[in-house]
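The next block is protein-v1.txt, given as compact mmCIF, C-alpha atoms.
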# COMPACT_ATOMS: atom_id res chain seq x y z
CA ARG A 282 -12.00 13.71 10.66
CA CYS A 283 -9.24 11.15 11.03
CA LEU A 284 -5.56 11.92 10.59
CA SER A 285 -2.75 9.36 10.33
CA ASP A 286 0.42 10.57 12.06
CA TRP A 287 3.15 8.62 10.27
CA SER A 288 6.08 9.74 12.41
CA SER A 289 4.30 9.45 15.78
CA ASP A 290 2.66 6.09 14.98
CA VAL A 291 -0.86 7.25 15.90
CA CYS A 292 -4.17 8.00 14.21
CA SER A 293 -6.12 10.92 15.66
CA SER A 294 -9.66 12.07 14.99
CA ASP A 295 -9.02 15.78 14.42
CA LEU A 296 -6.44 18.18 13.07
CA MET A 297 -6.49 20.30 16.26
CA GLU A 298 -6.78 18.81 19.74
CA PRO A 299 -7.82 15.18 19.05
CA SER A 300 -10.91 13.75 20.70
CA LEU A 301 -9.32 10.29 20.66
CA VAL A 302 -6.10 8.65 19.56
CA LEU A 303 -5.48 5.20 18.12
CA GLY A 304 -2.04 3.70 18.53
CA ASP A 305 0.69 4.93 20.84
CA SER A 306 2.72 8.11 20.24
CA LYS A 307 5.50 6.62 22.38
CA ALA A 308 5.59 3.40 20.38
CA SER A 309 8.56 4.10 18.11
CA GLN A 310 10.20 0.98 19.51
CA TYR A 311 7.49 -1.10 17.82
CA CYS A 312 8.99 -0.17 14.48
CA GLU A 313 12.31 -1.62 15.53
CA ASN A 314 10.94 -4.94 16.78
CA HIS A 315 10.45 -7.95 14.57
CA GLY A 316 6.79 -8.27 15.48
CA ARG A 317 3.72 -6.19 16.25
CA THR A 318 3.15 -6.01 19.98
CA SER A 319 -0.65 -5.91 20.00
CA ALA A 320 -3.84 -5.09 18.09
CA SER A 321 -3.68 -1.51 19.36
CA THR A 322 -0.24 -0.44 18.11
CA PHE A 323 1.00 0.98 14.80
CA CYS A 324 4.29 1.44 13.00
CA HIS A 325 3.97 4.38 10.60
CA PRO A 326 0.21 4.41 9.86
CA SER A 327 -0.10 5.87 6.39
CA GLY A 328 -3.62 5.78 4.93
CA VAL A 329 -7.04 5.82 6.56
CA THR A 330 -10.61 5.49 5.31
CA PHE A 331 -14.10 4.57 6.50
CA ASP A 332 -16.37 1.91 5.03
CA SER A 333 -20.14 2.29 4.59
CA GLU A 334 -20.80 0.85 8.07
CA GLY A 335 -18.56 3.40 9.79
CA ASN A 336 -15.64 1.08 10.44
CA LEU A 337 -12.20 2.71 10.29
CA TRP A 338 -9.50 1.07 8.16
CA VAL A 339 -5.81 1.94 8.61
CA ALA A 340 -2.90 1.06 6.33
CA ASP A 341 -0.22 0.26 8.92
CA GLN A 342 2.71 0.59 6.56
CA GLY A 343 5.59 -0.30 8.87
CA ASN A 344 3.81 -3.38 10.22
CA ASN A 345 2.88 -4.65 6.74
CA GLY A 346 -0.81 -4.85 7.52
CA VAL A 347 -4.23 -3.24 7.13
CA LEU A 348 -6.31 -2.96 10.30
CA GLU A 349 -10.07 -2.54 10.81
CA PHE A 350 -11.48 -0.73 13.87
CA ALA A 351 -15.19 -0.99 14.68
CA PRO A 352 -17.21 1.73 16.45
CA PRO A 353 -17.76 2.89 19.11
CA PHE A 354 -14.22 4.25 18.99
CA SER A 355 -12.05 4.87 22.03
CA SER A 356 -8.44 5.90 22.50
CA HIS A 357 -5.88 3.11 22.14
CA MET A 358 -8.58 0.56 21.29
CA ALA A 359 -7.77 -2.76 19.65
CA ALA A 360 -8.33 -3.55 16.00
CA LYS A 361 -11.04 -5.97 14.92
CA LEU A 362 -9.10 -7.71 12.14
CA GLU A 363 -5.93 -7.51 10.06
CA PHE A 364 -4.97 -8.18 6.44
CA GLY A 365 -1.40 -8.92 5.39
CA GLN A 366 -0.29 -11.28 8.16
CA PRO A 367 -0.73 -15.05 8.65
CA THR A 368 -4.03 -15.91 10.33
CA ASP A 369 -2.28 -17.59 13.25
CA THR A 370 -0.12 -14.54 14.06
CA VAL A 371 -2.37 -11.55 13.41
CA PHE A 372 -1.76 -8.66 15.82
CA THR A 373 1.39 -10.35 17.17
CA SER A 374 3.73 -10.28 14.16
CA ASN A 375 4.61 -7.88 11.41
CA LEU A 376 7.09 -9.94 9.36
CA HIS A 377 8.92 -6.68 9.40
CA GLN A 378 11.69 -5.22 7.30
CA GLN A 379 12.34 -1.59 8.10
CA ILE A 380 12.48 0.70 5.08
CA GLU A 381 14.56 3.81 5.65
CA GLY A 382 14.44 6.80 3.33
CA GLU A 383 13.90 6.18 -0.35
CA ARG A 384 12.93 2.80 -1.70
CA HIS A 385 15.69 0.37 -2.51
CA PRO A 386 15.70 -3.19 -3.91
CA PRO A 387 15.18 -5.78 -1.15
CA GLN A 388 18.06 -8.04 -0.24
CA LYS A 389 17.99 -11.79 0.17
CA ALA A 390 16.85 -12.69 3.67
CA THR A 391 19.11 -14.50 6.10
CA ASP A 392 16.72 -14.86 9.06
CA SER A 393 13.59 -16.76 8.07
CA GLN A 394 11.72 -15.87 11.27
CA ASN A 395 12.25 -12.14 10.86
CA THR A 396 11.70 -11.98 7.12
CA PRO A 397 8.69 -10.20 5.61
CA ASP A 398 6.61 -12.49 3.42
CA ILE A 399 7.11 -10.31 0.36
CA CYS A 400 7.82 -10.59 -3.35
CA LEU A 401 11.56 -11.01 -3.09
CA PRO A 402 13.13 -11.52 -6.55
CA ASP A 403 14.82 -14.75 -5.47
CA SER A 404 12.06 -16.33 -3.38
CA ASP A 405 8.60 -17.83 -3.75
CA SER A 406 7.09 -15.98 -0.80
CA CYS A 407 4.66 -13.68 -2.61
CA SER A 408 0.97 -14.54 -2.29
CA ALA A 409 -2.57 -13.15 -2.31
CA SER A 410 -2.55 -12.65 1.47
CA THR A 411 0.79 -10.89 2.03
CA LEU A 412 1.54 -7.17 2.17
CA TRP A 413 4.77 -5.18 2.24
CA GLY A 414 4.41 -1.54 3.20
CA PRO A 415 0.70 -0.98 2.45
CA ARG A 416 0.28 2.77 2.05
CA SER A 417 -3.34 3.43 1.07
CA VAL A 418 -6.77 1.81 1.35
CA ALA A 419 -10.03 2.63 -0.44
CA PHE A 420 -13.54 1.17 -0.79
CA ASP A 421 -15.70 0.90 -3.87
CA ALA A 422 -19.49 1.32 -3.98
CA ASP A 423 -20.03 -2.42 -3.44
CA GLY A 424 -18.01 -2.59 -0.23
CA ASN A 425 -14.89 -4.15 -1.75
CA VAL A 426 -11.56 -2.81 -0.53
CA TRP A 427 -8.47 -1.89 -2.56
CA VAL A 428 -5.02 -1.74 -0.94
CA ALA A 429 -1.94 -0.02 -2.36
CA ASP A 430 0.71 -2.67 -1.60
CA GLU A 431 3.52 -0.19 -2.14
CA TYR A 432 6.76 -2.13 -1.89
CA ASN A 433 5.28 -5.16 -3.64
CA SER A 434 4.54 -2.89 -6.63
CA ARG A 435 0.86 -3.80 -6.85
CA ALA A 436 -2.73 -2.97 -5.93
CA LEU A 437 -4.86 -5.69 -4.34
CA TRP A 438 -8.66 -6.11 -4.43
CA PHE A 439 -10.33 -7.77 -1.43
CA THR A 440 -14.01 -8.78 -1.36
CA PRO A 441 -16.21 -9.48 1.68
CA PRO A 442 -16.72 -11.30 3.92
CA PHE A 443 -13.56 -9.95 5.53
CA GLY A 444 -11.52 -11.82 8.10
CA ASN A 445 -8.02 -12.09 9.49
CA GLY A 446 -5.47 -12.94 6.84
CA ARG A 447 -8.03 -12.53 4.04
CA ALA A 448 -6.63 -13.32 0.58
CA ALA A 449 -7.06 -10.83 -2.25
CA MET A 450 -9.21 -11.74 -5.26
CA THR A 451 -7.43 -9.63 -7.89
CA VAL A 452 -3.99 -8.09 -8.35
CA ILE A 453 -3.10 -5.09 -10.52
CA GLY A 454 0.52 -4.36 -11.44
CA GLU A 455 1.61 -8.01 -11.55
CA GLU A 456 0.69 -10.95 -13.76
CA ASP A 457 -0.57 -12.93 -10.77
CA PHE A 458 -0.16 -13.14 -7.00
CA ALA A 459 3.06 -15.18 -7.15
CA HIS A 460 4.75 -13.14 -9.86
CA LYS A 461 7.44 -10.73 -8.73
CA GLY A 462 9.21 -9.43 -11.82
CA LEU A 463 6.67 -7.53 -13.89
CA GLY A 464 6.11 -4.78 -11.38
CA ALA A 465 9.74 -4.11 -10.54
CA PRO A 466 11.17 -2.04 -13.40
CA TYR A 467 13.02 0.04 -10.80
CA GLN A 468 15.24 -3.00 -10.32
CA GLY A 469 15.86 -3.26 -14.05
CA GLN A 470 13.79 -6.45 -14.25
CA GLY A 471 11.29 -5.26 -16.81
CA PRO A 472 10.16 -2.32 -18.92
CA VAL A 473 7.59 0.15 -17.69
CA SER A 474 4.24 -0.30 -19.41
CA ALA A 475 0.47 -0.05 -18.96
CA LYS A 476 0.61 -3.31 -16.96
CA THR A 477 3.36 -2.40 -14.50
CA ILE A 478 3.36 -0.48 -11.24
CA SER A 479 6.69 0.51 -9.75
CA ASP A 480 5.51 2.08 -6.49
CA ALA A 481 1.82 1.86 -5.55
CA ALA A 482 1.59 4.95 -3.33
CA ALA A 483 -2.20 5.46 -3.32
CA VAL A 484 -5.47 4.03 -4.58
CA ALA A 485 -8.88 5.63 -5.11
CA LEU A 486 -12.18 4.85 -6.85
CA ASP A 487 -14.21 7.28 -8.94
CA SER A 488 -18.00 7.47 -9.20
CA GLU A 489 -18.01 5.08 -12.17
CA GLY A 490 -16.03 2.39 -10.34
CA ASN A 491 -12.71 3.01 -12.08
CA LEU A 492 -9.60 2.33 -10.04
CA VAL A 493 -6.96 5.06 -9.90
CA VAL A 494 -3.42 4.16 -8.77
CA VAL A 495 -0.64 6.62 -8.02
CA ASP A 496 2.63 5.14 -9.34
CA ARG A 497 4.96 7.39 -7.37
CA LEU A 498 8.39 6.37 -8.64
CA GLU A 499 7.28 6.48 -12.26
CA ASN A 500 5.79 9.96 -11.70
CA ARG A 501 2.40 9.00 -13.07
CA VAL A 502 -1.22 8.23 -12.21
CA LEU A 503 -2.90 5.20 -13.81
CA LEU A 504 -6.60 4.47 -14.34
CA TYR A 505 -8.07 0.97 -14.67
CA SER A 506 -11.62 0.30 -15.85
CA PRO A 507 -13.76 -2.63 -14.68
CA PRO A 508 -14.21 -5.53 -14.99
CA PHE A 509 -10.95 -6.01 -13.11
CA ARG A 510 -8.66 -8.98 -13.74
CA ASN A 511 -5.15 -10.02 -12.79
CA GLY A 512 -2.38 -8.20 -14.62
CA MET A 513 -4.72 -6.01 -16.65
CA ALA A 514 -3.47 -2.92 -18.45
CA ALA A 515 -4.32 0.63 -17.45
CA THR A 516 -6.57 2.51 -19.86
CA TRP A 517 -5.37 6.04 -19.09
CA VAL A 518 -2.23 7.71 -17.76
CA LEU A 519 -1.60 11.14 -16.25
CA GLY A 520 1.89 12.63 -16.00
CA SER A 521 3.31 10.87 -19.04
CA SER A 522 2.94 11.12 -22.79
CA ASP A 523 2.35 7.35 -23.01
CA PHE A 524 2.56 4.17 -20.95
CA ASP A 525 6.03 3.27 -22.19
CA ASP A 526 7.78 6.51 -21.24
CA THR A 527 10.90 5.32 -19.37
CA ASN A 528 12.49 8.74 -18.98
CA LEU A 529 10.17 9.76 -16.20
CA GLY A 530 11.57 9.15 -12.80
CA PRO A 531 14.41 8.18 -10.50
CA SER A 532 13.40 4.51 -10.30
CA GLY A 533 16.79 3.10 -11.22
CA ARG A 534 16.86 4.65 -14.70
CA LYS A 535 18.76 7.49 -16.30
CA LEU A 536 16.95 10.65 -15.26
CA LEU A 537 16.69 13.15 -18.07
CA LYS A 538 16.43 16.85 -17.31
CA ARG A 539 13.13 18.15 -18.58
CA ALA A 540 11.41 21.47 -18.23
CA VAL A 541 8.62 21.57 -15.67
CA ASN A 542 5.22 21.93 -17.31
CA ALA A 543 1.54 21.26 -16.71
CA ASN A 544 1.80 17.71 -18.08
CA LEU A 545 4.47 16.36 -15.71
CA LEU A 546 4.35 14.99 -12.17
CA ASN A 547 7.18 14.64 -9.67
CA ARG A 548 6.74 11.91 -7.04
CA PRO A 549 2.92 12.07 -6.68
CA SER A 550 1.97 10.52 -3.37
CA CYS A 551 -1.80 10.74 -2.94
CA ILE A 552 -5.01 11.46 -4.84
CA LEU A 553 -8.49 12.75 -4.00
CA LEU A 554 -11.49 12.16 -6.25
CA PHE A 555 -14.73 14.14 -5.97

Write out the structure in this file as structure tokens.
Amino acid sequence: RCLSDWSSDVCSSDLMEPSLVLGDSKASQYCENHGRTSASTFCHPSGVTFDSEGNLWVADQGNNGVLEFAPPFSSHMAAKLEFGQPTDTVFTSNLHQQIEGERHPPQKATDSQNTPDICLPDSDSCSASTLWGPRSVAFDADGNVWVADEYNSRALWFTPPFGNGRAAMTVIGEEDFAHKGLGAPYQGQGPVSAKTISDAAAVALDSEGNLVVVDRLENRVLLYSPPFRNGMAATWVLGSSDFDDTNLGPSGRKLLKRAVNANLLNRPSCILLF
């Protein structure tokens, strides 16, 4: 078993006394620095999974990257590769913007060197190889990897061969990799629909290859059926009566008081498929 310890900035291999630990439990200062210190440190690791070859993948949310660790595993070992950072600065930068508490709209950057390469509403920085607060990672049956790029309001699909700074092949929740308005209804920049994701909290794949995305701030779970393509619409929604229900959650809209029932969700954060 592998457990990500978000507050202690470590990943351990058991729920009791761990047999090994990745990261550094005394590394809280790494979350305050404008740059990752090494390939063996985390800032709020959030999601973990294994691929078919036994490699461990960690969504390092606070460092805006996804890391791969290859066996044999040992405590405080270095990662093999990283997604989400420029190829020339992997493991040494995090293009970091600390997110405290609940999500809030990003502000215009004033320091270009310390600015995360994210989908800011007034910039052209968003791309197929950038991440902002990745929270979950999952593999499909063909060895492709999906990443929940939470604060960029999208899910990204990466295909092998994998390498540092790998660019995604497909984006869900946005029209394309450079677009930054469609998936931000929480900022009042667009209506919620079957094509938007407000907060990509988790991703998972079912046995038929369908992608499931937890849209936390819209209090819903979305399902997408292959073949996948940029900006495609979800085919199924859980937690809402329809895709256009804007009275769901606290994502910058008027929150209506509704009775709790079996059809509603409140801030879903993860999902497990059998």

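Of note, CA of Ser356 (chain A) and CA of Val426 (chain A) are spaced 24.8 Å apart.
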
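Restricting the calculation to only C-alpha atoms, the smallest distance between His460 (chain A) and any of A:Cys407, A:Thr477, A:Val518, A:Leu554 is found for A:Cys407.
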
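Relative to CA of Thr516 (chain A), CA of Val493 (chain A) is found at 10.3 Å.
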
May I ask which of the residues A:Asn445, A:Ser479, A:Thr318, A:Asn491 is the closest one to Ser506 (chain A), counting only C-alpha atoms?
A:Asn491

Residue with the minimum atom-to-atom distance to Asn433 (chain A), picked from A:Trp413, A:Phe524, A:Phe350, A:Phe323 with only C-alpha atoms counted, is A:Trp413

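The shortest atom-to-atom distance to Leu362 (chain A), with all atoms listed in the file taken into account, belongs to A:Gly446 out of A:Pro441, A:Gly446, A:Pro299, A:Gly424.
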
Rounded to one decimal place, report the CA of Leu337 (chain A)-CA of Asn425 (chain A) distance in Å.
14.1 Å

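In this comparison, which uses all atoms listed in the file, the residue of A:Gly414, A:Gly304, A:Gly490, A:Pro353 approaching Glu334 (chain A) most closely is A:Pro353.
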
To test the calculation: enclose all listed atoms of region 517-523 of chain A in a box whose edges run along x, y and z, add 5 Å on each side, then state centre and edge lengths in Å to one decimal, as AutoDock Vina command-line options.
--center_x -1.0 --center_y 9.3 --center_z -19.5 --size_x 18.7 --size_y 16.6 --size_z 17.0

List the neighbours of Ser319 (chain A) out to 9 Å using only C-alpha atoms; skip same-chain residues closer than 4 positions along the sequence, and give me the result as an NGL selection string.
:A and (323 or 359-360 or 371-374)

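Using only C-alpha atoms, the shortest contact distance between Ile478 (chain A) and any of A:Ala436, A:Ala448, A:Val302, A:Leu519 is found at A:Ala436.
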
So that I can check the surroundings of Cys551 (chain A), please list as a list in words every protein, DNA and RNA residue that reaches within 12 Å of it, counting only C-alpha atoms and ignoring chain neighbours fewer than 6 positions away.
Ser327, Gly328, Val329, Arg416, Ser417, Val418, Ala419, Ala429, Asp480, Ala481, Ala482, Ala483, Val484, Ala485, Val493, Val494, Val495, Asp496, Arg497, Asn500, Arg501 and Val502 of chain A

With a distance cut-off of 9 Å and all atoms listed in the file, select the neighbouring residues of Gly346 (chain A), excluding the residue or stretch itself and same-chain residues fewer than 4 positions from it, and output the selection as a PyMOL selection string.
chain A and resi 339-342+363-366+375+411-415
